[in-house]
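upload.pdb follows (PDB, C-alpha atoms):
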```pdb
ATOM      1  CA  MET A 922      -7.450  -0.238 -28.701
ATOM      2  CA  ARG A 923      -4.030   1.281 -28.031
ATOM      3  CA  PRO A 924      -3.068   1.045 -24.334
ATOM      4  CA  VAL A 925      -2.432   4.158 -22.273
ATOM      5  CA  GLU A 926       0.916   4.227 -20.469
ATOM      6  CA  ILE A 927       0.737   4.813 -16.723
ATOM      7  CA  ALA A 928       3.959   5.535 -14.848
ATOM      8  CA  CYS A 929       4.063   4.013 -11.364
ATOM      9  CA  ASP A 930       6.081   4.040  -8.181
ATOM     10  CA  GLU A 931       5.515   3.233  -4.523
ATOM     11  CA  SER A 932       6.506   4.458  -1.098
ATOM     12  CA  GLY A 933       6.651   2.508   2.125
ATOM     13  CA  SER A 934       7.155  -0.929   0.623
ATOM     14  CA  GLU A 935       8.508  -3.385   3.189
ATOM     15  CA  GLY A 936       7.038  -6.565   1.758
ATOM     16  CA  GLU A 937       5.265  -8.627   4.403
ATOM     17  CA  ASN A 938       6.679  -6.539   7.256
ATOM     18  CA  LEU A 939       3.414  -4.827   8.079
ATOM     19  CA  LEU A 940       4.097  -4.288  11.776
ATOM     20  CA  GLY A 941       7.087  -2.788  13.508
ATOM     21  CA  GLY A 942       8.735  -1.627  10.308
ATOM     22  CA  GLU A 943       9.926   1.762   9.167
ATOM     23  CA  THR A 944       6.545   2.899   7.848
ATOM     24  CA  ASP A 945       2.888   2.461   8.804
ATOM     25  CA  VAL A 946       1.425   3.405   5.418
ATOM     26  CA  PHE A 947       2.049   2.018   1.947
ATOM     27  CA  ALA A 948       1.288   4.188  -1.089
ATOM     28  CA  HIS A 949       1.199   3.210  -4.751
ATOM     29  CA  ALA A 950       0.916   6.017  -7.289
ATOM     30  CA  GLY A 951       0.087   6.030 -10.976
ATOM     31  CA  VAL A 952       0.564   9.059 -13.231
ATOM     32  CA  ARG A 953      -0.705   9.645 -16.749
ATOM     33  CA  MET A 954       1.628  12.184 -18.340
ATOM     34  CA  SER A 955       3.522  12.429 -21.593
ATOM     35  CA  TRP A 956       7.321  12.524 -21.631
ATOM     36  CA  PRO A 957       7.387  16.278 -22.428
ATOM     37  CA  GLU A 958       4.814  17.065 -19.727
ATOM     38  CA  ALA A 959       6.664  15.062 -17.079
ATOM     39  CA  THR A 960      10.042  16.483 -18.079
ATOM     40  CA  ALA A 961       8.674  20.024 -17.857
ATOM     41  CA  CYS A 962       7.095  19.263 -14.469
ATOM     42  CA  VAL A 963      10.344  17.904 -13.032
ATOM     43  CA  ALA A 964      12.217  20.934 -14.376
ATOM     44  CA  GLU A 965       9.681  23.293 -12.811
ATOM     45  CA  ILE A 966       9.959  21.523  -9.446
ATOM     46  CA  ARG A 967      13.744  21.796  -9.589
ATOM     47  CA  ALA A 968      13.527  25.484 -10.487
ATOM     48  CA  ARG A 969      11.070  26.236  -7.677
ATOM     49  CA  ILE A 970      13.030  24.298  -5.033
ATOM     50  CA  GLY A 971      16.479  25.292  -6.201
ATOM     51  CA  SER A 972      18.343  22.466  -4.482
ATOM     52  CA  PRO A 973      21.661  21.323  -6.017
ATOM     53  CA  ALA A 974      20.758  17.656  -5.365
ATOM     54  CA  GLU A 975      21.235  15.432  -8.403
ATOM     55  CA  GLU A 976      18.088  13.424  -7.676
ATOM     56  CA  TYR A 977      14.993  14.950  -6.132
ATOM     57  CA  LYS A 978      12.783  12.863  -3.841
ATOM     58  CA  ALA A 979       9.498  13.477  -2.027
ATOM     59  CA  ASN A 980      11.405  14.668   1.047
ATOM     60  CA  HIS A 981      12.419  17.800  -0.851
ATOM     61  CA  LEU A 982       8.770  18.663  -1.397
ATOM     62  CA  LEU A 983       7.805  17.871   2.193
ATOM     63  CA  ARG A 984      10.168  20.394   3.755
ATOM     64  CA  ALA A 985       8.335  23.308   5.326
ATOM     65  CA  LYS A 986      10.240  25.850   3.273
ATOM     66  CA  HIS A 987       8.947  24.215   0.074
ATOM     67  CA  ARG A 988       5.291  24.105   1.156
ATOM     68  CA  ALA A 989       4.243  26.343  -1.742
ATOM     69  CA  VAL A 990       5.795  23.952  -4.268
ATOM     70  CA  LEU A 991       3.930  20.979  -2.798
ATOM     71  CA  GLU A 992       0.651  22.912  -2.794
ATOM     72  CA  TRP A 993       1.222  23.855  -6.435
ATOM     73  CA  LEU A 994       1.885  20.230  -7.384
ATOM     74  CA  LEU A 995      -1.309  18.955  -5.708
ATOM     75  CA  ALA A 996      -3.571  21.903  -6.505
ATOM     76  CA  ALA A 997      -6.836  21.482  -8.395
ATOM     77  CA  ASP A 998      -5.320  23.515 -11.225
ATOM     78  CA  GLY A 999      -1.818  22.081 -10.813
ATOM     79  CA  PRO A1000       0.195  19.813 -13.115
ATOM     80  CA  LEU A1001      -1.154  16.584 -11.569
ATOM     81  CA  ALA A1002      -4.847  17.474 -11.627
ATOM     82  CA  GLY A1003      -6.663  14.598 -13.347
ATOM     83  CA  ARG A1004      -3.337  12.922 -14.062
ATOM     84  CA  GLY A1005      -2.457  11.332 -10.728
ATOM     85  CA  HIS A1006      -3.926   8.546  -8.596
ATOM     86  CA  VAL A1007      -2.819   7.018  -5.289
ATOM     87  CA  HIS A1008      -3.886   3.817  -3.567
ATOM     88  CA  LEU A1009      -3.181   3.934   0.177
ATOM     89  CA  THR A1010      -2.810   1.066   2.638
ATOM     90  CA  ASP A1011      -2.911   1.364   6.424
ATOM     91  CA  LYS A1012      -0.554  -1.526   7.139
ATOM     92  CA  THR A1013      -2.045  -2.446  10.511
ATOM     93  CA  PHE A1014      -5.567  -2.524   9.100
ATOM     94  CA  PHE A1015      -4.279  -4.571   6.158
ATOM     95  CA  ALA A1016      -2.995  -7.156   8.667
ATOM     96  CA  VAL A1017      -6.344  -7.187  10.492
ATOM     97  CA  ARG A1018      -8.220  -7.637   7.238
ATOM     98  CA  ALA A1019      -5.892 -10.494   6.237
ATOM     99  CA  ALA A1020      -6.518 -12.178   9.590
ATOM    100  CA  VAL A1021     -10.283 -11.973   9.216
ATOM    101  CA  SER A1022     -10.166 -13.203   5.622
ATOM    102  CA  LEU A1023      -7.816 -16.132   6.218
ATOM    103  CA  LEU A1024      -8.773 -17.233   9.723
ATOM    104  CA  ALA A1025     -12.529 -16.690   9.577
ATOM    105  CA  GLY A1026     -12.814 -17.644   5.923
ATOM    106  CA  THR A1027     -14.736 -14.494   5.079
ATOM    107  CA  ASP A1028     -13.818 -11.299   3.284
ATOM    108  CA  THR A1029     -16.107  -9.017   5.276
ATOM    109  CA  GLY A1030     -14.584  -5.565   5.530
ATOM    110  CA  ALA A1031     -17.092  -4.630   8.222
ATOM    111  CA  LEU A1032     -15.764  -7.345  10.552
ATOM    112  CA  ALA A1033     -12.190  -6.180   9.989
ATOM    113  CA  ARG A1034     -13.122  -2.566  10.716
ATOM    114  CA  THR A1035     -14.921  -3.563  13.897
ATOM    115  CA  LEU A1036     -12.003  -5.670  15.117
ATOM    116  CA  HIS A1037      -9.467  -2.981  14.202
ATOM    117  CA  ARG A1038     -11.466  -0.409  16.167
ATOM    118  CA  ALA A1039     -12.358  -2.552  19.186
ATOM    119  CA  GLY A1040      -9.273  -4.783  19.518
ATOM    120  CA  PRO A1041      -6.873  -2.428  21.339
ATOM    121  CA  ALA A1042      -9.407  -1.480  24.006
ATOM    122  CA  ALA A1043     -10.781  -4.996  24.452
ATOM    123  CA  PHE A1044      -7.454  -6.817  24.724
ATOM    124  CA  GLY A1045      -5.095  -4.030  25.735
ATOM    125  CA  ALA A1046      -2.813  -2.257  23.284
ATOM    126  CA  ALA A1047       0.228  -4.445  24.004
ATOM    127  CA  ARG A1048      -1.728  -7.723  23.833
ATOM    128  CA  TRP A1049      -3.434  -6.627  20.637
ATOM    129  CA  GLN A1050      -0.111  -5.782  19.018
ATOM    130  CA  PHE A1051       1.315  -9.124  20.135
ATOM    131  CA  PHE A1052      -1.685 -10.921  18.610
ATOM    132  CA  LEU A1053      -1.248  -9.229  15.240
ATOM    133  CA  THR A1054       2.497  -9.842  15.264
ATOM    134  CA  ALA A1055       1.894 -13.507  16.089
ATOM    135  CA  PHE A1056      -0.563 -13.789  13.193
ATOM    136  CA  THR A1057       1.898 -12.331  10.708
ATOM    137  CA  SER A1058       4.559 -14.728  11.998
ATOM    138  CA  VAL A1059       2.329 -17.779  11.567
ATOM    139  CA  VAL A1060       1.394 -17.061   7.952
ATOM    140  CA  ARG A1061       4.894 -16.158   6.741
ATOM    141  CA  LEU A1062       7.194 -18.881   5.452
ATOM    142  CA  LYS A1063      10.186 -16.810   6.604
ATOM    143  CA  PRO A1064       9.235 -14.948   9.781
ATOM    144  CA  ARG A1065      11.115 -11.827  10.754
ATOM    145  CA  ARG A1066      14.223 -12.441  12.829
ATOM    146  CA  GLY A1067      13.298 -12.702  16.502
ATOM    147  CA  VAL A1068       9.553 -12.930  15.756
ATOM    148  CA  THR A1069       8.508 -16.580  15.681
ATOM    149  CA  THR A1070       5.194 -18.025  16.808
ATOM    150  CA  SER A1071       4.145 -21.612  16.137
ATOM    151  CA  PRO A1072       0.584 -22.385  15.002
ATOM    152  CA  PRO A1073      -0.273 -24.128  18.322
ATOM    153  CA  GLU A1074       0.972 -21.095  20.256
ATOM    154  CA  PHE A1075      -0.988 -18.747  18.067
ATOM    155  CA  PHE A1076      -4.259 -20.653  18.309
ATOM    156  CA  ALA A1077      -3.838 -20.932  22.069
ATOM    157  CA  LEU A1078      -3.722 -17.132  22.016
ATOM    158  CA  VAL A1079      -6.856 -17.105  19.844
ATOM    159  CA  ASP A1080      -8.651 -19.216  22.453
ATOM    160  CA  GLU A1081      -7.536 -16.832  25.180
ATOM    161  CA  LEU A1082      -8.733 -13.691  23.393
ATOM    162  CA  ALA A1083     -11.953 -15.338  22.222
ATOM    163  CA  GLY A1084     -12.986 -15.496  25.865
ATOM    164  CA  VAL A1085     -12.887 -11.718  26.264
ATOM    165  CA  PRO A1086     -16.446 -10.320  26.427
ATOM    166  CA  GLY A1087     -17.574  -7.999  23.664
ATOM    167  CA  GLU A1088     -17.582  -7.791  19.893
ATOM    168  CA  ALA A1089     -13.785  -8.086  19.532
ATOM    169  CA  GLY A1090     -13.776 -11.381  21.435
ATOM    170  CA  GLU A1091     -16.712 -12.637  19.396
ATOM    171  CA  ILE A1092     -14.892 -11.933  16.148
ATOM    172  CA  VAL A1093     -11.681 -13.607  17.327
ATOM    173  CA  ALA A1094     -13.776 -16.639  18.330
ATOM    174  CA  ARG A1095     -14.427 -17.131  14.618
ATOM    175  CA  PHE A1096     -10.690 -17.689  14.151
ATOM    176  CA  ARG A1097     -10.698 -20.945  16.134
ATOM    177  CA  GLY A1098     -11.352 -22.979  13.010
ATOM    178  CA  GLY A1099      -8.587 -21.327  11.038
ATOM    179  CA  ALA A1100      -5.725 -23.760  11.645
ATOM    180  CA  GLU A1101      -6.461 -25.866   8.558
ATOM    181  CA  ARG A1102      -6.808 -22.757   6.405
ATOM    182  CA  VAL A1103      -3.434 -21.476   7.624
ATOM    183  CA  ALA A1104      -1.779 -24.839   6.900
ATOM    184  CA  ALA A1105      -3.339 -24.990   3.422
ATOM    185  CA  TYR A1106      -2.284 -21.423   2.672
ATOM    186  CA  ARG A1107       1.316 -22.059   3.736
ATOM    187  CA  ALA A1108       1.410 -25.171   1.551
ATOM    188  CA  ARG A1109       0.154 -23.198  -1.466
ATOM    189  CA  LEU A1110       2.664 -20.436  -0.792
ATOM    190  CA  ALA A1111       5.545 -22.924  -0.620
ATOM    191  CA  GLY A1112       4.522 -24.609  -3.859
ATOM    192  CA  ASP A1113       3.587 -21.617  -6.013
ATOM    193  CA  PRO A1114       6.176 -18.848  -6.508
ATOM    194  CA  GLY A1115       3.556 -16.711  -8.209
ATOM    195  CA  LEU A1116       1.144 -16.740  -5.287
ATOM    196  CA  VAL A1117       0.777 -13.292  -3.761
ATOM    197  CA  PRO A1118       1.305 -13.432   0.032
ATOM    198  CA  VAL A1119      -1.739 -12.284   1.986
ATOM    199  CA  LEU A1120       0.515  -9.854   3.863
ATOM    200  CA  ASP A1121       2.006  -8.070   0.859
ATOM    201  CA  PRO A1122       0.014  -4.952  -0.161
ATOM    202  CA  LEU A1123       1.921  -4.248  -3.381
ATOM    203  CA  VAL A1124       0.118  -6.470  -5.884
ATOM    204  CA  PRO A1125      -3.391  -5.536  -4.667
ATOM    205  CA  ALA A1126      -2.421  -1.862  -4.919
ATOM    206  CA  VAL A1127      -1.129  -2.332  -8.469
ATOM    207  CA  SER A1128      -4.428  -3.996  -9.351
ATOM    208  CA  HIS A1129      -6.358  -0.990  -8.066
ATOM    209  CA  THR A1130      -4.105   1.321 -10.063
ATOM    210  CA  VAL A1131      -4.852  -0.606 -13.256
ATOM    211  CA  ARG A1132      -8.582  -0.702 -12.535
ATOM    212  CA  HIS A1133      -8.644   3.054 -11.979
ATOM    213  CA  TRP A1134      -6.923   3.963 -15.218
ATOM    214  CA  SER A1135      -8.757   1.358 -17.299
ATOM    215  CA  ALA A1136     -12.213   2.251 -15.957
ATOM    216  CA  GLY A1137     -13.179   3.866 -19.268
ATOM    217  CA  GLY A1138     -12.369   0.723 -21.211
ATOM    218  CA  THR A1139      -8.863   1.680 -22.342
ATOM    219  CA  PRO A1140      -6.230  -0.987 -21.537
ATOM    220  CA  VAL A1141      -3.249   0.029 -19.428
ATOM    221  CA  ALA A1142       0.475  -0.511 -19.950
ATOM    222  CA  LEU A1143       2.384   0.051 -16.722
ATOM    223  CA  VAL A1144       5.821   1.654 -16.707
ATOM    224  CA  HIS A1145       6.948   0.812 -13.181
ATOM    225  CA  ASP A1146      10.002   1.674 -11.166
ATOM    226  CA  GLU A1147      12.162  -1.404 -10.657
ATOM    227  CA  GLN A1148      10.495  -3.527  -7.991
ATOM    228  CA  LEU A1149      11.866  -6.935  -6.979
ATOM    229  CA  ALA A1150       8.553  -8.007  -5.440
ATOM    230  CA  LEU A1151       6.874  -7.819  -8.855
ATOM    231  CA  THR A1152       8.391 -11.049 -10.085
ATOM    232  CA  ALA A1153       7.695 -12.502 -13.517
ATOM    233  CA  GLU A1154       5.298 -14.990 -11.916
ATOM    234  CA  ARG A1155       3.357 -12.238 -10.149
ATOM    235  CA  VAL A1156       3.166 -10.123 -13.280
ATOM    236  CA  LEU A1157       1.656 -13.119 -15.080
ATOM    237  CA  GLN A1158      -0.847 -13.495 -12.257
ATOM    238  CA  LEU A1159      -1.744  -9.817 -12.504
ATOM    239  CA  LYS A1160      -2.358 -10.212 -16.231
ATOM    240  CA  ALA A1161      -4.480 -13.303 -15.633
ATOM    241  CA  THR A1162      -6.525 -11.541 -12.960
ATOM    242  CA  LEU A1163      -6.976  -8.234 -14.772
ATOM    243  CA  GLY A1164      -7.408  -9.668 -18.248
ATOM    244  CA  PRO A1165      -7.524  -7.137 -21.096
ATOM    245  CA  ARG A1166      -7.342  -4.234 -18.652
ATOM    246  CA  LEU A1167      -3.575  -4.833 -18.292
ATOM    247  CA  ALA A1168      -1.747  -4.874 -21.607
ATOM    248  CA  ASP A1169       1.859  -4.802 -20.419
ATOM    249  CA  VAL A1170       4.237  -4.201 -17.508
ATOM    250  CA  ARG A1171       7.791  -3.023 -17.982
ATOM    251  CA  PHE A1172      10.330  -1.829 -15.456
ATOM    252  CA  VAL A1173      12.611   1.194 -15.637
ATOM    253  CA  ASP A1174      15.025   3.055 -13.411
ATOM    254  CA  SER A1175      13.088   6.057 -12.106
ATOM    255  CA  ARG A1176      16.106   8.270 -12.759
ATOM    256  CA  THR A1177      15.751   7.667 -16.499
ATOM    257  CA  ASP A1178      12.019   8.339 -16.806
ATOM    258  CA  ALA A1179      10.598  11.692 -15.703
ATOM    259  CA  ARG A1180       7.096  10.222 -15.601
ATOM    260  CA  VAL A1181       8.148   7.688 -12.964
ATOM    261  CA  GLN A1182       9.910  10.445 -11.037
ATOM    262  CA  ILE A1183       6.595  12.291 -10.816
ATOM    263  CA  ALA A1184       4.920   9.079  -9.610
ATOM    264  CA  ASP A1185       7.691   8.777  -7.021
ATOM    265  CA  PHE A1186       6.974  12.319  -5.801
ATOM    266  CA  LEU A1187       3.245  11.631  -5.569
ATOM    267  CA  ALA A1188       3.643   8.299  -3.754
ATOM    268  CA  GLY A1189       6.126   9.748  -1.271
ATOM    269  CA  VAL A1190       4.161  12.847  -0.337
ATOM    270  CA  ALA A1191       0.913  10.851  -0.194
ATOM    271  CA  ARG A1192       2.408   8.332   2.218
ATOM    272  CA  ARG A1193       3.707  11.058   4.534
ATOM    273  CA  ILE A1194       0.501  13.107   4.491
ATOM    274  CA  ALA A1195      -1.598   9.980   5.097
ATOM    275  CA  SER A1196       0.683   8.749   7.881
ATOM    276  CA  ASP A1197       0.473  12.105   9.632
ATOM    277  CA  GLU A1198      -3.315  11.993   9.348
ATOM    278  CA  LEU A1199      -3.383   8.417  10.678
ATOM    279  CA  ASN A1200      -1.335   9.405  13.723
ATOM    280  CA  GLY A1201      -3.325  12.490  14.665
ATOM    281  CA  ARG A1202      -0.880  15.079  13.400
ATOM    282  CA  GLY A1203      -2.419  15.689  10.004
ATOM    283  CA  ASP A1204      -2.195  18.927   8.097
ATOM    284  CA  PRO A1205      -5.777  19.836   7.054
ATOM    285  CA  GLY A1206      -4.632  21.819   4.027
ATOM    286  CA  LEU A1207      -2.430  19.060   2.608
ATOM    287  CA  THR A1208      -4.964  16.360   3.476
ATOM    288  CA  THR A1209      -7.634  18.226   1.527
ATOM    289  CA  LEU A1210      -5.349  18.573  -1.494
ATOM    290  CA  LEU A1211      -4.376  14.885  -1.389
ATOM    291  CA  ARG A1212      -7.951  13.652  -1.114
ATOM    292  CA  ALA A1213      -8.579  14.383  -4.799
ATOM    293  CA  PHE A1214      -5.973  11.768  -5.773
ATOM    294  CA  VAL A1215      -6.835   8.955  -3.360
ATOM    295  CA  ASP A1216      -8.486   5.733  -4.518
ATOM    296  CA  ALA A1217     -11.841   5.261  -2.763
ATOM    297  CA  GLU A1218     -11.001   1.543  -2.442
ATOM    298  CA  SER A1219      -7.836   2.212  -0.452
ATOM    299  CA  VAL A1220      -7.252  -0.127   2.494
ATOM    300  CA  TRP A1221      -8.220   2.277   5.229
ATOM    301  CA  PRO A1222     -10.268   1.623   8.394
ATOM    302  CA  GLU A1223     -12.394   4.770   8.089
ATOM    303  CA  PRO A1224     -13.703   6.832   5.170
ATOM    304  CA  ILE A1225     -10.446   7.666   3.413
ATOM    305  CA  LEU A1226      -8.704  10.662   4.927
TER     306      LEU A1226
END
```

Represent the structure contained in this file as structure tokens.
Amino acid sequence: MRPVEIACDESGSEGENLLGGETDVFAHAGVRMSWPEATACVAEIRARIGSPAEEYKANHLLRAKHRAVLEWLLAADGPLAGRGHVHLTDKTFFAVRAAVSLLAGTDTGALARTLHRAGPAAFGAARWQFFLTAFTSVVRLKPRRGVTTSPPEFFALVDELAGVPGEAGEIVARFRGGAERVAAYRARLAGDPGLVPVLDPLVPAVSHTVRHWSAGGTPVALVHDEQLALTAERVLQLKATLGPRLADVRFVDSRTDARVQIADFLAGVARRIASDELNGRGDPGLTTLLRAFVDAESVWPEPIL
């Protein structure tokens, strides 16, 4: 069966920097459009916005004066209807889920949701943030500058928080036996360049994109904006994991492929709309429009958007 080409781009990628970075949401978009359709869509966006900029980005669409253009793009009868898909990641929740999976040795989303909800109140917002930052430091081979926590220091913190009454403390108590798992994970990461770090949301998001577009049985060939994190080793791992669903991955400069430009628009506006919703300043109209594109398996602590 001939593969279908899906053009992809992302917004908010900061690698393993899940906390304290520039963005709190990561978005990965996939678009199924032909060259002529995408070229016409880009031309229409340029005509409607009327900016002299050589390269349009999502920020153009997100300006208040261009609200009508954004609504047209996301509308149920717009150019992306049935042709666009976005996988969203709440970066803080992604870190919590990684902690539960690695430290407790279980992949229970319910535990992660409970801890994400109860942690700030149980431990205090500042202590909770410090705990998550310490976890990300311990599992990274190259911690962020100025953010270094040794495994003994981290597990001393685990013991401290495990003594806090309530469900958050009970969940953290499960992390006490995680030291060996952390050491084994770091050893695997150091020895296998293809291993996907537990803190990097990109590869899981790409997997969801492929699964979405191949759900009907048609294999997918990704045309992706240039992305250094998708190394040759990780592409091979994606192919091994996804099997016949993923036929090929090739990289292009988004400026040379109108289809990837449309994916760039979708990823960028999705990240901003989702971030606003996450931080209590959401726009109900835009959130409703975006919902039609969002993957139900997005990494989100509550029912998506």

Practice problem: Would you work out the distance separating atom CA of A:Leu1159 from atom CA of A:Asp1146, expressed in Å to one decimal? | Solution: 16.5 Å

Quiz item: Which residue, A:Ala1179, A:Val1190, A:Met922, A:Val1215, has the smallest gap to A:Arg984 when you use only C-alpha atoms?
Solution: A:Val1190

Self-check item: Residues returned when the PyMOL selection byres ((chain A and resi 947) around 10) runs on this file, as a VMD selection string
Solution: chain A and resid 931 to 936 939 944 to 946 948 to 949 1008 to 1012 1122 to 1123 1126 1188 to 1189 1191 to 1193 1195 to 1196 1220

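Going from atom CA of A:His987 over to atom CA of A:Ala1213, you cover 20.7 Å.
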
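Minimum atom-to-atom distance to A:Phe1076, evaluated using all atoms listed in the file, belongs to A:Gly1099 out of A:Glu1198, A:Thr1054, A:Gly1030, A:Gly1099.
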
Exercise. Evaluate the PyMOL selection byres ((chain A and resi 1149) around 12) here and jot the selected residues down as a ChimeraX atom specification.
Key: /A:934-936,1123-1124,1145-1148,1150-1156,1172-1173

Exercise. Let me know the residues the PyMOL selection byres ((chain A and resi 1104) around 12) catches in the file above, as a ChimeraX atom specification.
Key: /A:1023-1024,1059-1062,1071-1073,1098-1103,1105-1111

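We find atom CA of A:Ser1175 and atom CA of A:Gly1203 to be spaced 28.7 Å apart.
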
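For the residues A:Ala1019, A:Ala928, A:Leu1187, A:Leu1199, ranking by smallest atom-to-atom distance to A:Leu983 using all atoms listed in the file places A:Leu1187 first.
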
Practice problem: Write out as a list in words the residues lying within 8 Å of A:Val952, counting all atoms listed in the file and excluding same-chain residues fewer than 5 positions away. | Solution: Ile927, Ala928, Cys929, Leu1001, Arg1004, Gly1005, His1006, Arg1180, Val1181, Ile1183 and Ala1184 of chain A

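Using all atoms listed in the file for every distance, the candidate list A:Leu994, A:Val1085, A:Val1017, A:Val1127 yields A:Leu994 as the residue closest to A:Glu965.
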
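Look at A:Thr1162: the protein and nucleic acid residues within 12 Å of it, using all atoms listed in the file and passing over chain neighbours fewer than 2 places away, are Val1117, Val1124, Pro1125, Val1127, Ser1128, His1129, Val1131, Arg1132, Arg1155, Val1156, Leu1157, Gln1158, Leu1159, Lys1160, Gly1164, Pro1165, Arg1166, Leu1167 and Ala1168 of chain A.
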
Quiz item: What's the 7 Å shell around stretch 1036-1047 of chain A, counting all atoms listed in the file, without same-chain residues fewer than 2 positions away, as a PyMOL selection string?
Solution: chain A and resi 1014+1017+1032-1034+1049-1051+1089+1092

Please produce an output containing C-alpha atoms for each residue in the selection, written as a compact mmCIF listing (two decimals), keeping the file's coordinate frame.
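Once everything was written out, this is again34.txt:
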```txt
# COMPACT_ATOMS: atom_id res chain seq x y z
CA PHE A 1014 -5.57 -2.52 9.10
CA VAL A 1017 -6.34 -7.19 10.49
CA LEU A 1032 -15.76 -7.34 10.55
CA ALA A 1033 -12.19 -6.18 9.99
CA ARG A 1034 -13.12 -2.57 10.72
CA TRP A 1049 -3.43 -6.63 20.64
CA GLN A 1050 -0.11 -5.78 19.02
CA PHE A 1051 1.32 -9.12 20.14
CA ALA A 1089 -13.78 -8.09 19.53
CA ILE A 1092 -14.89 -11.93 16.15
```

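You can rank A:Thr1209, A:Thr1035, A:Thr960, A:Asn1200 by their closest distance to A:Asp1178 using all atoms listed in the file, and at the top of that list sits A:Thr960.
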
Could you pull the residues within 6 Å of A:Ala1083, counting all atoms listed in the file, minus those fewer than 6 positions along the same chain, as a compact mmCIF listing (two decimals) with C-alpha atoms, in the frame of the given file?
```txt
# COMPACT_ATOMS: atom_id res chain seq x y z
CA GLY A 1090 -13.78 -11.38 21.44
CA VAL A 1093 -11.68 -13.61 17.33
CA ALA A 1094 -13.78 -16.64 18.33
```
